[in-house]
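S.K.: File name my_file-v7.txt; file contents compact mmCIF, C-alpha atoms; full text below.
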# COMPACT_ATOMS: atom_id res chain seq x y z
CA MET A 1 -18.96 25.98 4.57
CA GLU A 2 -16.22 24.15 2.72
CA PRO A 3 -14.24 21.82 5.03
CA GLN A 4 -10.70 22.89 5.82
CA ARG A 5 -8.10 21.02 3.79
CA ARG A 6 -5.14 19.25 5.37
CA MET A 7 -1.80 20.79 4.51
CA ASP A 8 0.04 17.45 4.94
CA PRO A 9 -0.42 14.55 2.47
CA ARG A 10 -1.38 11.14 3.79
CA PRO A 11 0.72 8.35 2.21
CA ARG A 12 -0.09 4.73 3.09
CA PRO A 13 3.14 2.67 2.83
CA LEU A 14 2.13 0.07 5.43
CA LEU A 15 -1.21 -0.52 3.74
CA GLY A 16 0.72 -0.83 0.49
CA MET A 17 2.97 -3.47 2.04
CA LEU A 18 -0.03 -5.51 3.20
CA LEU A 19 -1.82 -5.31 -0.15
CA GLY A 20 1.44 -6.03 -1.96
CA LEU A 21 2.05 -9.18 0.06
CA LEU A 22 -1.48 -10.40 -0.61
CA ILE A 23 -1.51 -9.71 -4.33
CA GLY A 24 1.96 -11.21 -4.65
CA ALA A 25 0.81 -14.44 -2.98
CA VAL A 26 -2.29 -14.57 -5.19
CA GLY A 27 -0.12 -14.01 -8.27
CA VAL A 28 2.18 -16.89 -7.32
CA ALA A 29 -0.83 -19.16 -6.75
CA LEU A 30 -2.24 -18.28 -10.19
CA LEU A 31 1.09 -18.99 -11.89
CA TRP A 32 1.12 -22.31 -10.06
CA GLN A 33 -2.46 -23.46 -10.63
CA THR A 34 -2.61 -22.43 -14.28
CA GLY A 35 0.47 -24.54 -14.99
CA VAL A 36 2.88 -21.72 -15.86
CA ILE A 37 5.56 -22.64 -13.30
CA ASP A 38 5.81 -24.30 -9.92
CA PRO A 39 5.93 -22.16 -6.76
CA GLY A 40 9.61 -22.65 -6.07
CA ARG A 41 11.58 -20.46 -3.70
CA LEU A 42 12.84 -18.13 -6.44
CA VAL A 43 9.44 -17.54 -8.01
CA SER A 44 7.49 -17.30 -4.75
CA PHE A 45 9.73 -14.89 -2.86
CA LEU A 46 10.71 -12.78 -5.87
CA VAL A 47 7.13 -12.18 -7.03
CA VAL A 48 6.03 -11.29 -3.51
CA ALA A 49 9.02 -8.96 -3.01
CA VAL A 50 8.43 -7.09 -6.29
CA ALA A 51 4.68 -6.80 -5.70
CA THR A 52 5.20 -5.54 -2.15
CA LEU A 53 7.66 -2.82 -3.17
CA ALA A 54 5.59 -1.78 -6.21
CA VAL A 55 2.29 -1.41 -4.36
CA THR A 56 4.02 0.35 -1.46
CA GLY A 57 5.53 2.85 -3.88
CA LEU A 58 2.13 3.39 -5.48
CA LEU A 59 0.52 4.19 -2.13
CA THR A 60 3.42 6.36 -0.98
CA ARG A 61 3.93 8.56 -4.09
CA SER A 62 6.61 10.65 -2.38
CA ILE A 63 9.32 8.96 -0.31
CA ALA A 64 9.96 12.22 1.55
CA ALA A 65 6.38 12.15 2.88
CA ALA A 66 6.93 8.81 4.68
CA ARG A 67 10.63 8.12 4.54
CA GLY A 68 10.93 5.91 7.62
CA ARG A 69 8.02 3.63 6.82
CA PHE A 70 8.95 3.35 3.15
CA VAL A 71 12.54 2.44 4.00
CA THR A 72 11.25 -0.24 6.38
CA VAL A 73 9.14 -1.79 3.64
CA ALA A 74 12.04 -1.54 1.20
CA VAL A 75 14.27 -3.43 3.63
CA ILE A 76 11.64 -6.16 4.04
CA SER A 77 11.30 -6.45 0.27
CA GLY A 78 15.08 -6.67 -0.02
CA ILE A 79 15.17 -9.51 2.49
CA LEU A 80 12.50 -11.39 0.53
CA ALA A 81 14.46 -10.87 -2.67
CA GLY A 82 17.59 -12.18 -0.95
CA VAL A 83 15.76 -15.32 0.12
CA ALA A 84 14.52 -15.72 -3.46
CA LEU A 85 18.10 -15.81 -4.75
CA THR A 86 18.76 -18.93 -2.68
CA GLY A 87 16.19 -20.73 -4.88
CA ILE A 88 18.20 -20.32 -8.09
CA PRO A 89 19.87 -23.79 -7.79
CA GLU A 90 16.45 -25.41 -7.48
CA ILE A 91 14.98 -23.86 -10.61
CA VAL A 92 17.98 -24.53 -12.86
CA ARG A 93 18.55 -28.17 -11.95
CA SER A 94 16.74 -31.34 -13.01
CA GLY A 95 15.06 -33.98 -10.89
CA ALA A 96 17.25 -36.43 -9.04
CA VAL A 97 17.33 -39.80 -7.28
CA SER A 98 19.71 -40.86 -4.53
CA ASP A 99 22.78 -42.96 -5.31
CA GLY A 100 22.26 -46.69 -5.42
CA CYS A 101 18.59 -46.35 -6.43
CA THR A 102 16.73 -46.16 -9.72
CA VAL A 103 13.17 -44.97 -10.35
CA GLU A 104 11.18 -44.98 -13.57
CA ALA A 105 7.65 -43.83 -14.39
CA THR A 106 5.61 -44.81 -17.41
CA VAL A 107 2.68 -42.76 -18.68
CA GLY A 108 1.15 -44.19 -21.83
CA ASP A 109 4.03 -45.00 -24.12
CA ALA A 110 6.52 -42.65 -22.45
CA THR A 111 8.95 -43.78 -19.76
CA VAL A 112 10.86 -41.14 -17.84
CA THR A 113 13.18 -40.87 -14.85
CA PRO A 114 13.31 -38.04 -12.32
CA GLY A 115 16.38 -36.68 -14.10
CA ASP A 116 14.33 -36.17 -17.27
CA THR A 117 12.11 -33.58 -15.60
CA SER A 118 12.70 -29.98 -14.56
CA ALA A 119 10.74 -26.88 -13.59
CA PHE A 120 10.47 -25.92 -17.25
CA SER A 121 9.98 -29.46 -18.57
CA PRO A 122 7.69 -31.36 -16.18
CA LEU A 123 6.11 -34.76 -16.74
CA ASP A 124 2.71 -33.98 -18.28
CA LEU A 125 -0.13 -35.91 -16.66
CA ALA A 126 -3.75 -35.88 -17.74
CA PRO A 127 -6.30 -35.63 -14.87
CA ASP A 128 -7.45 -39.20 -15.64
CA ALA A 129 -4.02 -40.71 -16.36
CA THR A 130 -2.51 -43.77 -14.67
CA VAL A 131 1.19 -43.79 -13.84
CA SER A 132 3.11 -47.05 -13.53
CA TRP A 133 6.31 -46.79 -11.52
CA SER A 134 9.16 -49.05 -10.50
CA ALA A 135 12.06 -48.60 -8.09
CA ALA A 136 15.16 -50.66 -7.45
CA SER A 137 18.01 -50.59 -4.95
CA ASP A 138 21.55 -51.94 -5.23
CA SER A 139 21.14 -53.65 -1.86
CA PRO A 140 18.13 -55.35 -0.25
CA VAL A 141 15.94 -53.02 1.85
CA VAL A 142 13.33 -53.77 4.49
CA VAL A 143 10.82 -51.04 3.73
CA THR A 144 9.29 -49.49 6.84
CA GLU A 145 8.00 -46.16 5.56
CA ARG A 146 6.97 -44.50 2.30
CA VAL A 147 6.47 -40.73 2.07
CA GLY A 148 5.18 -38.59 -0.76
CA GLY A 149 4.69 -34.81 -0.92
CA ILE A 150 5.39 -31.56 -2.74
CA ILE A 151 7.91 -28.75 -2.32
CA VAL A 152 6.46 -25.20 -2.14
CA ALA A 153 8.71 -22.15 -1.84
CA GLY A 154 11.58 -24.46 -0.95
CA PHE A 155 9.76 -26.16 1.94
CA ALA A 156 8.82 -29.84 1.82
CA ILE A 157 5.14 -30.48 2.59
CA PRO A 158 4.33 -34.18 3.12
CA ILE A 159 0.97 -35.20 1.71
CA ARG A 160 0.88 -38.91 2.38
CA THR A 161 2.89 -41.16 4.68
CA VAL A 162 2.53 -44.96 4.74
CA THR A 163 4.08 -47.01 7.51
CA VAL A 164 4.81 -50.66 6.79
CA THR A 165 5.25 -53.32 9.49
CA GLY A 166 6.51 -56.87 9.11
CA ALA A 167 7.81 -56.35 5.57
CA SER A 168 10.49 -58.62 4.17
CA GLU A 169 13.69 -57.62 2.46
CA VAL A 170 13.17 -56.47 -1.11
CA GLN A 171 15.39 -55.05 -3.79
CA GLU A 172 12.69 -53.96 -6.24
CA LEU A 173 9.28 -52.33 -5.84
CA ALA A 174 6.58 -51.46 -8.36
CA GLY A 175 3.09 -50.02 -8.37
CA THR A 176 0.59 -47.70 -10.05
CA VAL A 177 -0.80 -44.27 -9.23
CA ASP A 178 -4.23 -43.14 -10.36
CA VAL A 179 -3.99 -39.38 -10.92
CA ALA A 180 -7.74 -38.85 -10.48
CA GLU A 181 -7.65 -40.76 -7.20
CA GLY A 182 -4.74 -38.69 -6.01
CA LEU A 183 -6.53 -35.43 -6.88
CA ALA A 184 -9.63 -36.62 -5.04
CA TYR A 185 -7.52 -37.47 -1.99
CA ILE A 186 -6.03 -33.96 -1.99
CA LYS A 187 -9.50 -32.43 -2.34
CA ASP A 188 -10.84 -34.48 0.55
CA THR A 189 -7.84 -33.55 2.67
CA THR A 190 -7.54 -29.85 1.84
CA GLY A 191 -10.87 -28.98 0.20
CA LEU A 192 -9.09 -27.65 -2.91
CA ASP A 193 -9.39 -28.59 -6.57
CA VAL A 194 -5.74 -28.59 -7.57
CA SER A 195 -3.95 -28.37 -10.89
CA GLY A 196 -0.71 -26.91 -12.23
CA VAL A 197 2.99 -27.67 -11.90
CA TYR A 198 4.27 -29.54 -8.83
CA HIS A 199 7.74 -30.23 -7.54
CA ALA A 200 7.06 -33.68 -6.11
CA TYR A 201 9.31 -35.70 -3.85
CA GLY A 202 9.21 -39.17 -2.32
CA SER A 203 11.23 -41.51 -0.20
CA ILE A 204 11.34 -45.21 0.55
CA SER A 205 13.24 -46.00 3.71
CA GLY A 206 14.10 -49.12 5.64
CA GLU A 207 16.36 -50.40 8.39
CA SER A 208 19.53 -50.49 6.32
CA ALA A 209 18.98 -48.14 3.35
CA ALA A 210 16.75 -45.48 1.82
CA CYS A 211 15.93 -44.17 -1.61
CA GLU A 212 14.94 -40.55 -2.16
CA LEU A 213 13.79 -38.83 -5.32
CA ASP A 214 12.26 -35.60 -6.60
CA GLY A 215 10.94 -34.39 -9.96
CA TRP A 216 8.38 -32.13 -11.61
CA VAL A 217 4.92 -33.10 -12.84
CA LEU A 218 2.21 -31.08 -14.58
CA VAL A 219 -1.52 -31.58 -14.15
CA ALA A 220 -2.79 -29.03 -16.65
CA PRO A 221 -6.25 -27.53 -16.06
CA GLU A 222 -8.81 -27.55 -18.84
CA SER A 223 -9.00 -23.75 -18.73
CA ALA A 224 -8.02 -20.83 -16.55
CA PHE A 225 -11.42 -21.05 -14.80
CA SER A 226 -12.00 -24.81 -14.79
CA THR A 227 -11.60 -25.41 -11.04
CA ASN A 228 -13.09 -23.78 -7.98
CA THR A 229 -9.59 -22.95 -6.78
CA LEU A 230 -8.83 -20.99 -9.94
CA LYS A 231 -12.16 -19.16 -9.77
CA GLY A 232 -11.50 -18.17 -6.18
CA LEU A 233 -8.01 -16.93 -7.03
CA TRP A 234 -9.30 -14.77 -9.91
CA VAL A 235 -11.95 -13.26 -7.65
CA ALA A 236 -9.33 -12.53 -4.97
CA LEU A 237 -7.09 -10.90 -7.58
CA GLY A 238 -9.93 -8.67 -8.77
CA LEU A 239 -10.85 -7.58 -5.24
CA LEU A 240 -7.23 -6.77 -4.43
CA LEU A 241 -6.85 -4.71 -7.60
CA VAL A 242 -9.97 -2.73 -6.72
CA ALA A 243 -8.68 -2.14 -3.18
CA ILE A 244 -5.29 -0.99 -4.48
CA ALA A 245 -6.92 1.36 -7.01
CA TRP A 246 -9.19 2.85 -4.33
CA ALA A 247 -6.28 3.35 -1.93
CA ALA A 248 -4.12 4.90 -4.67
CA LEU A 249 -6.86 7.39 -5.56
CA ALA A 250 -7.30 8.31 -1.88
CA VAL A 251 -3.56 8.90 -1.48
CA ARG A 252 -3.44 10.96 -4.67
CA LYS A 253 -6.37 13.08 -3.47
CA SER A 254 -4.58 13.76 -0.18
CA PHE A 255 -1.53 15.03 -2.08
CA VAL A 256 -3.69 17.24 -4.33
CA ASP A 257 -5.60 18.67 -1.35
CA ALA A 258 -2.37 19.28 0.54
CA ALA A 259 -0.88 21.14 -2.42
CA ALA A 260 -4.03 23.25 -2.77
CA ALA A 261 -4.05 24.03 0.96
CA ARG A 262 -0.41 25.13 0.89
CA ALA A 263 -1.06 27.30 -2.16
CA GLU A 264 -4.04 28.94 -0.43
CA ALA A 265 -2.01 29.52 2.71
CA GLY A 266 0.72 31.10 0.60
CA LYS A 267 -1.76 33.53 -0.95
CA VAL A 268 -2.94 34.65 2.48
CA TYR A 269 0.66 35.06 3.62
CA ASP A 270 1.83 37.25 0.72
CA GLY A 271 -1.28 39.47 0.84
CA SER A 272 -2.77 38.47 -2.49
CA VAL A 273 -6.19 37.72 -1.06
CA THR A 274 -9.30 39.81 -1.71
CA SER A 275 -9.65 43.33 -0.28
CA GLY A 276 -12.22 42.11 2.24
CA ALA A 277 -9.67 39.82 3.83
CA ALA A 278 -6.97 42.49 3.74
CA ALA A 279 -9.30 44.96 5.47
CA VAL A 280 -9.38 42.76 8.54
CA GLY A 281 -5.95 43.97 9.55
CA THR A 282 -6.58 47.69 8.79
CA GLY A 283 -10.06 48.24 10.16
CA GLY A 284 -11.45 48.97 6.69
CA ALA A 285 -9.73 52.42 6.57
CA TYR A 286 -7.36 51.48 3.77
CA ALA A 287 -8.23 52.39 0.19
CA ALA A 288 -6.29 51.02 -2.74
CA PRO A 289 -4.24 53.63 -4.59
CA ASP A 290 -6.07 53.02 -7.84
CA ALA A 291 -9.39 53.82 -6.12
CA ALA A 292 -8.54 57.54 -5.64
CA PRO A 293 -10.26 60.14 -7.90
CA SER A 294 -8.47 60.77 -11.14
CA GLY A 295 -8.19 64.48 -10.42
CA ALA A 296 -6.60 64.14 -7.01
CA THR A 297 -3.17 65.74 -6.78
CA THR A 298 -2.39 65.20 -3.16
CA SER A 299 -2.07 62.05 -1.13
CA GLU A 300 -3.65 63.66 1.97
CA PRO A 301 -7.27 62.64 2.56
CA GLN A 302 -9.76 65.45 1.94
CA GLN A 303 -12.21 66.36 4.68
CA GLU A 304 -15.82 66.56 3.69
CA ALA A 305 -17.50 69.95 4.17
CA THR A 306 -19.94 70.11 7.05
CA PRO A 307 -23.36 71.19 5.76
CA GLU A 308 -24.63 74.49 7.19
CA PRO A 309 -27.82 74.24 9.25
CA GLU A 310 -30.95 75.61 7.70
CA PRO A 311 -32.41 78.82 9.09
CA GLY A 312 -34.76 78.27 11.99
CA ALA A 313 -33.80 74.68 12.37
CA VAL A 314 -32.63 73.41 15.68
CA SER A 315 -29.50 71.50 15.26
CA GLU A 316 -29.08 68.28 17.09
CA PRO A 317 -26.29 68.21 19.57
CA ASP A 318 -23.21 66.55 18.24
CA ALA A 319 -22.20 63.30 19.68
CA THR A 320 -18.82 64.81 20.55
CA PRO A 321 -19.10 67.80 22.98
CA GLU A 322 -17.31 70.95 21.99
CA PRO A 323 -14.39 71.95 24.19
CA GLU A 324 -15.18 74.52 26.89
CA PRO A 325 -13.64 77.95 26.33
CA GLU A 326 -10.62 78.67 28.42
CA PRO A 327 -11.07 81.45 31.01
CA ALA A 328 -9.66 84.83 30.10
CA PRO A 329 -6.36 85.52 31.75
CA GLU A 330 -6.46 87.94 34.68
CA SER A 331 -4.70 91.25 34.36
CA ASP A 332 -1.54 91.69 36.29
CA ASP A 333 -2.64 95.24 37.38
CA GLY A 334 -5.26 93.89 39.79
CA PRO A 335 -8.88 95.11 40.07
CA GLU A 336 -9.71 98.55 38.86
CA PRO A 337 -9.81 101.21 41.61
CA ALA A 338 -13.13 102.54 42.70
CA SER A 339 -14.30 105.91 41.49
CA GLU A 340 -13.66 108.84 43.78
CA ASP A 341 -17.35 109.84 43.71
CA GLU A 342 -18.41 106.50 45.06
CA ASP A 343 -18.23 105.49 48.67
CA SER A 344 -15.34 103.27 49.47
CA ASP A 345 -17.51 101.12 51.64
CA PRO A 346 -18.69 98.25 49.53
CA ARG A 347 -21.82 97.67 51.61
CA PRO A 348 -24.96 99.28 50.26
Spit out the file's structure as structure tokens when you get a sec.

M.R.:
Amino acid sequence: MEPQRRMDPRPRPLLGMLLGLLIGAVGVALLWQTGVIDPGRLVSFLVVAVATLAVTGLLTRSIAAARGRFVTVAVISGILAGVALTGIPEIVRSGAVSDGCTVEATVGDATVTPGDTSAFSPLDLAPDATVSWSAASDSPVVVTERVGGIIVAGFAIPIRTVTVTGASEVQELAGTVDVAEGLAYIKDTTGLDVSGVYHAYGSISGESAACELDGWVLVAPESAFSTNTLKGLWVALGLLLVAIAWAALAVRKSFVDAAAARAEAGKVYDGSVTSGAAAVGTGGAYAAPDAAPSGATTSEPQQEATPEPEPGAVSEPDATPEPEPEPAPESDDGPEPASEDEDSDPRP
């Protein structure tokens, strides 16, 4: 027997929101690690918001079928998009250094300052490059702490903090950074092979002053699959796409089955089903008008002639007993009078 179909479709807006959030985050990570753009607040929140709303719409199909849940997801996506707009100043500005301080970095023959970099024009660093840097302050500083980190989605994430004790007053500092050593430190700390565009920041602080800076650097990967992190992100993207496709097909099937079930129910309701189903309500006594003999001129049903019994044959008693004859009505004149020749005494 064919299973009964559901008359109501089954949209999945909440599942769409979850898958949209995940694929949006994976998309941001791929843009970051492949060196397309850094994961600033505008890019991160906007990509996630668009992906969430798009996948939710795909797994809802009809807003009327899940209006409340879809509106909830739409509001969440709107909030994410609103947060993304607060990241516009970050993506349109250049790097900066605090007043009273100067910072320069030299890579090969090129010397740049934080102000020379931006999200769309980062300092390009080879994985085996060495960066020489120098910093100066207008007033002497007793350095007590040095901090370096990256900014992701508008949030500062410190990677390395160095505390200095017993330092003397200085007005200039210089040093070198081995990019390969820094990448190895990140891998040992986080277990990830990193690449891509980074919004880096740093600070040098002391008892009487501090210098802060931020800028963009690019550590370009050799290919889109050159690191384990990139390979894992591509695999995650593929699995999410398969899950979204499977869920979309399931939702579409529920809408198709619901439409077919409603159509079938409508046929039963308006009487356009087969004669066998229609006979259920009439006890099988109804005959379609077009089934009558062509020569029939009257709409009254014709009774079939009862066959006469053969001579000498004993007929079987009918299932329905014949009605008993009614007694003859008595005469109003009373019983006939006795003959005069007969004795009036009734006894013999």

S.K.: Which is closer to Leu22 (chain A) than all the others in A:Ser168, A:Thr34, A:Ser44, A:Thr52, using only C-alpha atoms?

M.R.: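 Using only C-alpha atoms, the shortest distance to Leu22 (chain A) belongs to A:Thr52.
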
S.K.: With all atoms listed in the file as the atoms that count, which of A:Val112, A:Ala200, A:Ala25, A:Leu125 lies nearest to Val179 (chain A)?

M.R.: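 For Val179 (chain A), the nearest of the candidates is A:Leu125.
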
S.K.: What does the distance between CA of Gly108 (chain A) and CA of Tyr201 (chain A) come to in Å, to one decimal place?

M.R.: 21.5 Å

S.K.: Would you please work out which residue, of A:Ile159, A:Pro13, A:Val177, A:Gln33, is nearest to Asn228 (chain A) when using only C-alpha atoms?

M.R.: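 The closest residue to Asn228 (chain A) is A:Gln33.
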
S.K.: Figure out the distance between CA of Arg252 (chain A) and CA of Pro11 (chain A), please, to one decimal in Å.

M.R.: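 The value is 8.5 Å.
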
S.K.: Residues near Asp138 (chain A), anyone? I mean within 12 Å using only C-alpha atoms, not counting same-chain ones fewer than 5 positions away, as a PyMOL selection string.

M.R.: chain A and resi 98-102+170-172+208-211

S.K.: CA of Ile186 (chain A) to CA of Val36 (chain A): how many Å, to one decimal?

M.R.: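 Computing it gives 20.5 Å between the two atoms.
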